[in-house]
$ cat protein_29.csv   # CSV, C-alpha atoms
chain,number,residue,atom,x,y,z
A,12,MET,CA,89.7,117.3,108.3
A,13,ALA,CA,88.9,120.5,110.2
A,14,LYS,CA,91.7,122.4,108.4
A,15,PRO,CA,89.7,123.3,105.2
A,16,TYR,CA,87.0,124.7,107.4
A,17,ARG,CA,89.4,126.7,109.6
A,18,LEU,CA,91.3,128.0,106.6
A,19,THR,CA,88.3,129.1,104.6
A,20,GLY,CA,85.6,129.6,107.2
A,21,GLU,CA,83.1,128.3,104.7
A,22,ASN,CA,80.2,126.2,106.1
A,23,SER,CA,80.5,123.9,103.1
A,24,PHE,CA,83.5,122.3,104.7
A,25,LEU,CA,81.9,121.9,108.2
A,26,GLY,CA,80.6,118.4,107.5
A,27,LEU,CA,84.1,116.9,107.1
A,28,PRO,CA,85.2,117.5,110.8
A,29,LEU,CA,81.7,116.7,111.9
A,30,GLY,CA,81.6,113.5,109.9
A,31,PHE,CA,85.1,112.3,110.9
A,32,GLY,CA,84.5,113.4,114.5
A,33,ILE,CA,81.3,111.3,114.6
A,34,MET,CA,83.2,108.5,113.0
A,35,GLY,CA,85.8,108.7,115.8
A,36,ILE,CA,83.0,108.7,118.4
A,37,SER,CA,81.6,105.5,116.7
A,38,HIS,CA,85.0,103.8,117.1
A,39,VAL,CA,85.1,104.8,120.8
A,40,ILE,CA,81.6,103.4,121.2
A,41,ALA,CA,82.7,100.2,119.4
A,42,THR,CA,85.4,99.8,122.1
A,43,ALA,CA,82.8,100.3,124.8
A,44,VAL,CA,80.5,97.7,123.1
A,45,ALA,CA,82.9,95.0,124.3
A,46,PHE,CA,81.9,95.8,127.9
A,47,PHE,CA,78.4,97.2,127.4
A,48,ASN,CA,76.5,95.3,124.6
A,49,ASP,CA,73.6,97.8,124.7
A,50,MET,CA,75.8,100.5,123.2
A,51,ALA,CA,75.9,98.6,119.8
A,52,TRP,CA,72.9,100.6,118.6
A,53,PHE,CA,74.8,103.8,119.1
A,54,MET,CA,77.9,102.6,117.3
A,55,LEU,CA,75.7,101.7,114.3
A,56,LEU,CA,73.8,105.0,114.3
A,57,PHE,CA,76.9,107.1,114.7
A,58,ARG,CA,78.9,105.3,112.1
A,59,THR,CA,76.1,105.5,109.5
A,60,PHE,CA,75.5,109.2,110.2
A,61,SER,CA,79.3,110.0,110.0
A,62,PHE,CA,79.2,108.9,106.3
A,63,ALA,CA,76.0,110.8,105.8
A,64,PHE,CA,77.7,114.0,107.0
A,65,ILE,CA,80.7,113.4,104.8
A,66,ALA,CA,78.6,112.7,101.7
A,67,THR,CA,76.4,115.8,102.4
A,68,THR,CA,79.6,117.9,102.6
A,69,TYR,CA,80.9,116.6,99.3
A,70,PHE,CA,77.5,117.1,97.7
A,71,PHE,CA,77.3,120.8,98.7
A,72,SER,CA,81.0,121.5,98.3
A,73,THR,CA,80.9,122.5,94.7
A,74,LYS,CA,77.9,124.8,95.1
A,75,SER,CA,78.8,128.3,96.2
A,76,LEU,CA,75.5,130.1,96.1
A,77,LYS,CA,74.2,131.7,99.3
A,78,LYS,CA,70.9,129.8,99.0
A,79,THR,CA,72.9,126.5,98.7
A,80,GLN,CA,74.8,127.4,101.9
A,81,TYR,CA,71.5,127.8,103.7
A,82,LEU,CA,70.4,124.4,102.4
A,83,LEU,CA,73.6,122.8,103.6
A,84,ASN,CA,73.1,124.3,107.0
A,85,ILE,CA,69.5,123.0,107.1
A,86,THR,CA,70.6,119.6,105.9
A,87,LEU,CA,73.4,119.3,108.5
A,88,SER,CA,71.1,120.5,111.2
A,89,ALA,CA,68.4,118.0,110.2
A,90,LEU,CA,71.0,115.2,110.2
A,91,ILE,CA,72.0,116.2,113.7
A,92,VAL,CA,68.4,116.3,114.9
A,93,VAL,CA,67.7,112.9,113.3
A,94,LEU,CA,70.8,111.4,114.8
A,95,ILE,CA,69.9,112.7,118.3
A,96,THR,CA,66.3,111.5,117.9
A,97,LEU,CA,67.3,108.0,116.8
A,98,SER,CA,69.9,107.9,119.6
A,99,LEU,CA,67.3,108.7,122.2
A,100,ILE,CA,65.0,106.1,120.7
A,101,ALA,CA,67.8,103.5,120.7
A,102,PHE,CA,68.5,104.4,124.3
A,103,VAL,CA,64.9,104.1,125.5
A,104,ALA,CA,63.8,101.2,123.3
A,105,PRO,CA,66.3,99.9,120.8
A,106,GLN,CA,64.0,97.1,119.5
A,107,SER,CA,61.4,99.7,118.4
A,108,ILE,CA,63.8,101.0,115.7
A,109,TRP,CA,64.4,97.7,113.9
A,110,GLU,CA,63.2,94.2,114.3
A,111,SER,CA,66.6,92.9,115.2
A,112,TYR,CA,70.1,94.3,115.5
A,113,SER,CA,71.6,92.0,112.8
A,114,ILE,CA,69.0,93.2,110.2
A,115,ALA,CA,69.8,96.8,111.2
A,116,GLN,CA,73.5,96.2,110.7
A,117,VAL,CA,72.9,95.0,107.1
A,118,TYR,CA,70.7,97.9,106.2
A,119,CYS,CA,73.1,100.5,107.8
A,120,ARG,CA,76.0,99.0,106.0
A,121,ILE,CA,74.1,99.2,102.7
A,122,PHE,CA,73.4,102.9,103.4
A,123,ILE,CA,77.0,103.5,104.3
A,124,GLY,CA,78.0,101.7,101.0
A,125,ILE,CA,75.7,104.1,99.1
A,126,PHE,CA,77.2,107.1,100.8
A,127,LEU,CA,80.7,105.8,100.2
A,128,PHE,CA,80.0,105.1,96.5
A,129,TYR,CA,78.8,108.7,96.1
A,130,ILE,CA,81.9,110.0,97.9
A,131,ILE,CA,84.3,107.8,95.8
A,132,VAL,CA,82.7,108.9,92.5
A,133,PHE,CA,82.8,112.6,93.6
A,134,THR,CA,86.4,112.5,94.7
A,135,ILE,CA,87.6,110.7,91.6
A,136,ASN,CA,85.7,113.2,89.4
A,137,SER,CA,87.2,116.0,91.4
A,138,HIS,CA,90.7,114.6,90.9
A,139,VAL,CA,90.2,114.1,87.2
A,140,LYS,CA,89.0,117.7,86.8
A,141,ARG,CA,92.0,119.1,88.8
A,142,PRO,CA,94.8,116.5,88.8
A,143,ASP,CA,96.9,116.7,91.9
A,144,PRO,CA,99.1,113.9,93.4
A,145,ALA,CA,97.9,114.8,96.9
A,146,THR,CA,94.2,114.4,96.0
A,147,LEU,CA,94.7,111.0,94.3
A,148,TRP,CA,94.9,109.3,97.7
A,149,ILE,CA,91.6,110.6,99.0
A,150,PRO,CA,89.4,108.2,96.8
A,151,PHE,CA,91.7,105.3,97.8
A,152,GLY,CA,91.0,106.0,101.5
A,153,PHE,CA,87.2,105.9,100.8
A,154,ILE,CA,87.6,102.8,98.6
A,155,PHE,CA,89.3,100.9,101.4
A,156,LEU,CA,86.5,102.0,103.8
A,157,ALA,CA,83.9,100.8,101.2
A,158,ILE,CA,85.5,97.4,100.9
A,159,SER,CA,85.5,97.2,104.7
A,160,GLN,CA,81.7,97.8,104.7
A,161,TYR,CA,81.2,95.2,102.0
A,162,SER,CA,83.2,92.6,103.9
A,163,LEU,CA,81.1,93.3,107.1
A,164,ILE,CA,77.9,92.5,105.2
A,165,PHE,CA,79.4,89.1,104.4
A,166,TRP,CA,80.4,88.7,108.0
A,167,TYR,CA,76.9,89.5,109.2
A,168,ILE,CA,75.3,87.0,106.8
A,169,ASP,CA,77.6,84.0,107.2
A,170,ASN,CA,79.8,84.8,110.3
A,171,SER,CA,83.0,84.3,108.3
A,172,SER,CA,86.0,85.2,110.4
A,173,ALA,CA,88.0,86.0,107.3
A,174,ALA,CA,85.4,88.6,106.3
A,175,LEU,CA,85.6,90.2,109.7
A,176,TRP,CA,89.4,90.4,109.8
A,177,GLY,CA,89.4,91.6,106.2
A,178,ALA,CA,86.9,94.3,107.1
A,179,ILE,CA,89.1,95.4,110.0
A,180,ALA,CA,92.2,95.4,107.9
A,181,PHE,CA,90.6,97.4,105.1
A,182,ARG,CA,89.2,99.9,107.6
A,183,LEU,CA,92.6,100.4,109.2
A,184,VAL,CA,94.2,100.8,105.8
A,185,GLY,CA,91.6,103.4,104.9
A,186,LEU,CA,92.0,105.3,108.1
A,187,ILE,CA,95.8,105.2,107.8
A,188,VAL,CA,95.5,106.7,104.3
A,189,PHE,CA,93.5,109.6,105.8
A,190,LEU,CA,96.0,110.0,108.6
A,191,ILE,CA,98.9,110.2,106.0
A,192,ILE,CA,97.0,112.7,103.9
A,193,SER,CA,96.2,114.8,106.9
A,194,TYR,CA,99.8,114.6,108.1
A,195,ARG,CA,101.2,115.5,104.7
A,196,THR,CA,98.8,118.4,104.4
A,197,PHE,CA,99.7,119.7,107.8
A,198,TYR,CA,103.4,119.2,107.3
A,199,SER,CA,103.5,120.8,103.9
A,200,SER,CA,101.6,123.8,105.2
A,201,LYS,CA,104.0,124.1,108.1
A,202,GLU,CA,106.9,124.0,105.7
A,203,ALA,CA,105.4,126.6,103.4
A,204,GLU,CA,105.0,129.0,106.4

$ encode --input "protein_29.csv" --output "structure tokens"
Amino acid sequence: MAKPYRLTGENSFLGLPLGFGIMGISHVIATAVAFFNDMAWFMLLFRTFSFAFIATTYFFSTKSLKKTQYLLNITLSALIVVLITLSLIAFVAPQSIWESYSIAQVYCRIFIGIFLFYIIVFTINSHVKRPDPATLWIPFGFIFLAISQYSLIFWYIDNSSAALWGAIAFRLVGLIVFLIISYRTFYSSKEAE
């Protein structure tokens, strides 16, 4: 996801590597949660903000005015400041953010679902305007991630193991779709050179 930013140098693509990088950090934190349960707040914050970065990037990607670029920089900077602030609060006093972790999970998953809905609509519209077989898979990756978030809400509410395993499976499929897209993009650009 860093390739569009490296190729163009435009700040409008900076949120993609930031978003997917923060998402990767959230998955590393998720692994650490198995050993240190106090890290769960960080996983939740980082995962929510990763989708906020990606949605913000897509929102500003079609706007090319210089004023819009400044607004994008300010928005991404504000998101980073809010993420750091909430992380510090979660580190010092996690219960002061939300009443309980289970309620926070549901709210964060709803926010992630809203971000993903916007991203899905944006990527489908983008594909419809400029049909390309390579861009067709991008909305599908986000759709699988959205289904994963939806399944997790059910798991939080009724502790259904089927919902948990379904969420994990859909998340893996979504991430695999993005890996395939990234690999094909990298491979085809190598071949073109």

$ residues_around --input "protein_29.csv" --residues "range 26-43 of chain A" --least-positions-apart "3" --cutoff "12 Å" --atoms "all atoms listed in the file" --output "PyMOL selection string"
chain A and resi 12-17+21-23+46-72+83-84+86-88+90-91+94+123+126+130+156+179+182-183+186+189-190+193

$ residues_around --input "protein_29.csv" --residues "Ile121 in chain A" --least-positions-apart "3" --cutoff "9 Å" --atoms "all atoms listed in the file" --output "short mmCIF file (atom, residue, chain, number, x, y, z; two decimals) with C-alpha atoms, keeping the file's coordinate frame"
data_model
loop_
_atom_site.label_atom_id
_atom_site.label_comp_id
_atom_site.auth_asym_id
_atom_site.auth_seq_id
_atom_site.Cartn_x
_atom_site.Cartn_y
_atom_site.Cartn_z
CA GLN A 116 73.50 96.20 110.70
CA VAL A 117 72.90 95.00 107.10
CA TYR A 118 70.70 97.90 106.20
CA GLY A 124 78.00 101.70 101.00
CA ILE A 125 75.70 104.10 99.10
CA PHE A 126 77.20 107.10 100.80
CA GLN A 160 81.70 97.80 104.70
CA TYR A 161 81.20 95.20 102.00
CA ILE A 164 77.90 92.50 105.20
#

$ residues_near_point --input "protein_29.csv" --point "(90.4, 100.7, 97.8)" --cutoff "12 Å" --atoms "all atoms listed in the file" --output "MDAnalysis selection string"
chainID A and resid 127:128 131 147:161 178 180:186 188

$ atom_distance --input "protein_29.csv" --atom1 "CA of Ala115 in chain A" --atom2 "CA of Ser98 in chain A"
13.9 Å

$ atom_distance --input "protein_29.csv" --atom1 "CA of Ile135 in chain A" --atom2 "CA of Tyr81 in chain A"
26.4 Å

$ atom_distance --input "protein_29.csv" --atom1 "CA of Thr134 in chain A" --atom2 "CA of Ile192 in chain A"
14.0 Å

$ closest_residue --input "protein_29.csv" --among "A:Gly177, A:Trp166, A:Ala145, A:Leu99" --to "Tyr194 in chain A" --atoms "all atoms listed in the file"
A:Ala145

$ residues_around --input "protein_29.csv" --residues "Ser137 in chain A" --least-positions-apart "4" --cutoff "10 Å" --atoms "all atoms listed in the file" --output "compact mmCIF listing (two decimals) with C-alpha atoms, in the frame of the given file"
# COMPACT_ATOMS: atom_id res chain seq x y z
CA THR A 73 80.90 122.50 94.70
CA ILE A 131 84.30 107.80 95.80
CA VAL A 132 82.70 108.90 92.50
CA PHE A 133 82.80 112.60 93.60
CA ARG A 141 92.00 119.10 88.80
CA PRO A 142 94.80 116.50 88.80
CA ASP A 143 96.90 116.70 91.90
CA THR A 146 94.20 114.40 96.00
CA LEU A 147 94.70 111.00 94.30
CA PRO A 150 89.40 108.20 96.80
